[in-house]
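Q: This is the structure I want to talk about, given as structure tokens.
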Amino acid sequence: MASREEVRRQMSEDGIEYLLVQFVDMHGAAKVKMVPTAHFDDVIDEGAGFAGAAVWGLGQGPHAHDMLARIDLDSYTPLPWRKGTARFASDLYVDGEPHMSCSRLNLKRVAASLEQQGYRFYVGIEPEHFLVTRQDDGTLAVWDPARVDTLRKACYDFKGISSVMDYLKDMMDGLNSLGWDAYQSDHEDANGQYEINFHYADALITADRYTFFKMMSSQLAQKYGAIATHMPKPFTDRTGSAAHIHFHLADAKTGDNVFLDEGDKRGLGLSELASHFIGGVFDHAPALCAVTSPTVNCYKRLQVGADLYGPRSGYTWTPAFISYGDNNRTQMIRTAGPGHFEDRTVSAGCNPYLALAAYISAGMDGVRRKLDPGEPNLGNLYEVGLEEIQRRGIRLLPQSLSEALDALEKDEVILDSLGAISGEFVALKRAEWKEYHRQVSPWEIERYLTLF
């Protein structure tokens, strides 16, 4: 762990004059207070104060005592796009005590319990996102200055990515200046959709970095006249944005991957512990889905199959089957290599602190109960059909936020993974669902105005 004097010296070398004391609301959206470096000690020892009731999901009313965001020295992050300013991720306190409606503190709680059991959760996130513009009538359009990003199958297309290379280069250069090892970027399946991959780390570090990635993409996109959106499904006819997680458990002392077993009889290179872990994920998948896909919009991408109204490319790339297999992208969980899982269902709209806390808890419940996920499914599940899926006993993920919340309210393990946040999380998400269903959409006007 870094000391305050080490960080103070580094800030001086980097010419830092201002600090962004950053925390998140229940949705995972970044919030900040701006503090001059002269008050560096204050935000370590006391914190930057604010009204908790002004932020979604922090469990306070207007009468409550000040909430204080105390910086984590290990999260020091100079802003690549603004000289002289640095971000620190923060934990929330009230009256000198940890405030456990803080998503980051909640992940720390779950991670500490995991470490007591001898493990650490290592995870990488694929941050898919769109670059868009907002038209005068309020509708969205793909940001495509050269007007060449029009292919139905736009993934990896050179012409499609050519207009945004400066943005992607700025992003990758900035991430690498922070030591994150950004190693690949590409044009994703949808027009205007991109991904930049950076190296995996401990769950807390990855959640901090994903939050900062969203902050950074929003600012660098503005430089080019675009809006960077991590909204899961901004376009009806295009593939949505995920935050695929790649993960394994490691021995807390040695760092060895405990999911790895080259002698695996199923031929996937997975240990018995790895199988039990995904057995737990599957057992809690419907409730877990409420946390990893926590918005109304998430379920526009998390639909079964592709039909006449599906994405232009022909594939959703979003399996809604609770299943696993080999290196096969039609599964919820893909075995991307020996001892290495990828969950393809996690939404770009998730709060990463809550999502990873819930994921750890689901998996470790499977380890405790020695749950068996069954045999891997091979082949293209998109082509199997729902009748055969049901015959095989493969369950489906919830197809709406309401359905996922129903499952969450019955699942004590996932509710416990959210700790003090659980009650307000469910209440806010129920309210979101009700508000959504009160709206009259353009689709309804078009469909019904003169039908009757």
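Chain lettering (A, B, ...) mirrors the order of the structure tokens, residue numbering begins at 1 for each chain separately, and ligand numbering begins at 1 in order of display.
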Write down as a PyMOL selection string the residues of range 223-382 of chain A whose backbone DSSP state falls under strand (DSSP E).
A: chain A and resi 227-229+243-251+324-325+333-337+340-343
Q: Residues of the last selection are to be written out with N, CA and C atoms, as a compact mmCIF listing (two decimals), in the first residue's frame.
A:
```
# COMPACT_ATOMS: atom_id res chain seq x y z
N ILE A 227 -20.44 11.70 -28.45
CA ILE A 227 -20.83 11.29 -27.11
C ILE A 227 -20.45 9.83 -26.96
N ALA A 228 -19.67 9.50 -25.94
CA ALA A 228 -19.38 8.09 -25.62
C ALA A 228 -20.47 7.61 -24.68
N THR A 229 -21.23 6.61 -25.12
CA THR A 229 -22.29 6.09 -24.27
C THR A 229 -22.06 4.62 -23.94
N ALA A 243 -20.40 -5.67 -20.75
CA ALA A 243 -19.17 -5.55 -19.98
C ALA A 243 -18.76 -6.98 -19.65
N HIS A 244 -18.45 -7.76 -20.72
CA HIS A 244 -18.06 -9.16 -20.50
C HIS A 244 -16.98 -9.24 -19.44
N ILE A 245 -17.13 -10.12 -18.47
CA ILE A 245 -16.08 -10.29 -17.47
C ILE A 245 -15.33 -11.59 -17.71
N HIS A 246 -14.00 -11.51 -17.65
CA HIS A 246 -13.12 -12.68 -17.70
C HIS A 246 -12.58 -12.87 -16.29
N PHE A 247 -12.64 -14.07 -15.76
CA PHE A 247 -12.35 -14.20 -14.34
C PHE A 247 -11.78 -15.56 -13.96
N HIS A 248 -11.09 -15.55 -12.82
CA HIS A 248 -10.69 -16.79 -12.14
C HIS A 248 -10.44 -16.48 -10.67
N LEU A 249 -10.47 -17.51 -9.85
CA LEU A 249 -10.05 -17.39 -8.46
C LEU A 249 -8.57 -17.73 -8.37
N ALA A 250 -7.87 -17.00 -7.52
CA ALA A 250 -6.45 -17.27 -7.28
C ALA A 250 -6.23 -17.57 -5.80
N ASP A 251 -5.21 -18.38 -5.53
CA ASP A 251 -4.80 -18.61 -4.15
C ASP A 251 -4.32 -17.28 -3.58
N TYR A 324 -22.94 -23.27 -19.99
CA TYR A 324 -21.51 -23.05 -20.26
C TYR A 324 -21.06 -24.07 -21.28
N GLY A 325 -19.90 -23.78 -21.85
CA GLY A 325 -19.36 -24.70 -22.84
C GLY A 325 -17.88 -24.48 -23.03
N ILE A 333 -21.59 -18.63 -20.19
CA ILE A 333 -20.20 -18.68 -19.75
C ILE A 333 -19.38 -19.47 -20.76
N ARG A 334 -18.39 -18.80 -21.31
CA ARG A 334 -17.48 -19.40 -22.28
C ARG A 334 -16.18 -19.75 -21.57
N THR A 335 -15.68 -20.95 -21.81
CA THR A 335 -14.36 -21.31 -21.31
C THR A 335 -13.35 -20.79 -22.32
N ALA A 336 -12.80 -19.63 -22.03
CA ALA A 336 -11.94 -18.94 -22.99
C ALA A 336 -10.52 -19.48 -23.01
N GLY A 337 -10.24 -20.43 -22.14
CA GLY A 337 -8.93 -21.07 -22.04
C GLY A 337 -8.89 -21.85 -20.75
N HIS A 340 -10.01 -20.39 -17.25
CA HIS A 340 -10.35 -19.00 -17.61
C HIS A 340 -11.78 -18.96 -18.13
N PHE A 341 -12.66 -18.29 -17.39
CA PHE A 341 -14.06 -18.14 -17.79
C PHE A 341 -14.32 -16.73 -18.33
N GLU A 342 -15.31 -16.65 -19.21
CA GLU A 342 -15.87 -15.36 -19.63
C GLU A 342 -17.39 -15.44 -19.49
N ASP A 343 -17.98 -14.48 -18.76
CA ASP A 343 -19.44 -14.36 -18.69
C ASP A 343 -19.85 -13.25 -19.66
```
Q: Which is closest to Ser217 in chain A among A:Arg391, A:Lys31, A:His276, A:His129, if we use only C-alpha atoms?
A: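 Smallest distance to Ser217 in chain A is found for A:His129.
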Q: I'd like the neighbourhood of Leu140 in chain A as a short mmCIF file (atom, residue, chain, number, x, y, z; two decimals) with C-alpha atoms, in the first residue's frame, where a residue qualifies if any of its atoms comes within 10 Å (using only C-alpha atoms), though same-chain residues fewer than 4 positions away should be ignored.
A:
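part23.cif, freshly written:
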```cif
data_model
loop_
_atom_site.label_atom_id
_atom_site.label_comp_id
_atom_site.auth_asym_id
_atom_site.auth_seq_id
_atom_site.Cartn_x
_atom_site.Cartn_y
_atom_site.Cartn_z
CA VAL A 132 -22.94 8.72 -31.06
CA THR A 133 -24.32 12.17 -31.77
CA ARG A 134 -27.67 13.59 -30.72
CA GLN A 135 -29.78 14.99 -33.57
CA ASP A 136 -31.83 18.19 -33.34
CA ILE A 227 -20.83 11.29 -27.11
CA PRO A 234 -28.98 2.65 -27.66
CA PHE A 235 -30.18 1.36 -31.06
#
```
Q: Excluding range 170-185 of chain A and any residue of its chain fewer than 6 positions from it, enumerate the residues within 8 Å of it, using only C-alpha atoms, and give them as a list in words.
A: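 Surrounding residues, per the criterion: Thr77, Pro78, Pro80, Trp81, Tyr194, Glu195, Ile196, Asn197, Phe198, His199, Met216, Ser217 and Leu220 of chain A.
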Q: Write the selection just made, keeping C-alpha atoms, as a short mmCIF file (atom, residue, chain, number, x, y, z; two decimals), in the first residue's frame?
A:
```cif
data_model
loop_
_atom_site.label_atom_id
_atom_site.label_comp_id
_atom_site.auth_asym_id
_atom_site.auth_seq_id
_atom_site.Cartn_x
_atom_site.Cartn_y
_atom_site.Cartn_z
CA THR A 77 -4.85 8.20 -11.24
CA PRO A 78 -3.55 11.29 -13.09
CA PRO A 80 -4.48 11.75 -19.15
CA TRP A 81 -6.75 14.36 -20.76
CA TYR A 194 -15.92 0.00 -30.02
CA GLU A 195 -13.98 -1.87 -27.37
CA ILE A 196 -10.60 -1.29 -25.74
CA ASN A 197 -9.08 -4.09 -23.69
CA PHE A 198 -6.77 -3.55 -20.73
CA HIS A 199 -5.07 -6.02 -18.39
CA MET A 216 -12.21 9.08 -19.59
CA SER A 217 -14.14 7.92 -22.66
CA LEU A 220 -12.05 12.18 -24.97
#
```
Q: Determine the nearest neighbour of Gly374 in chain A from the options A:Ile278, A:Val426, A:Val32, A:Val7, counting only C-alpha atoms.
A: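 Checking each candidate against Gly374 in chain A, we get A:Ile278 as the closest.
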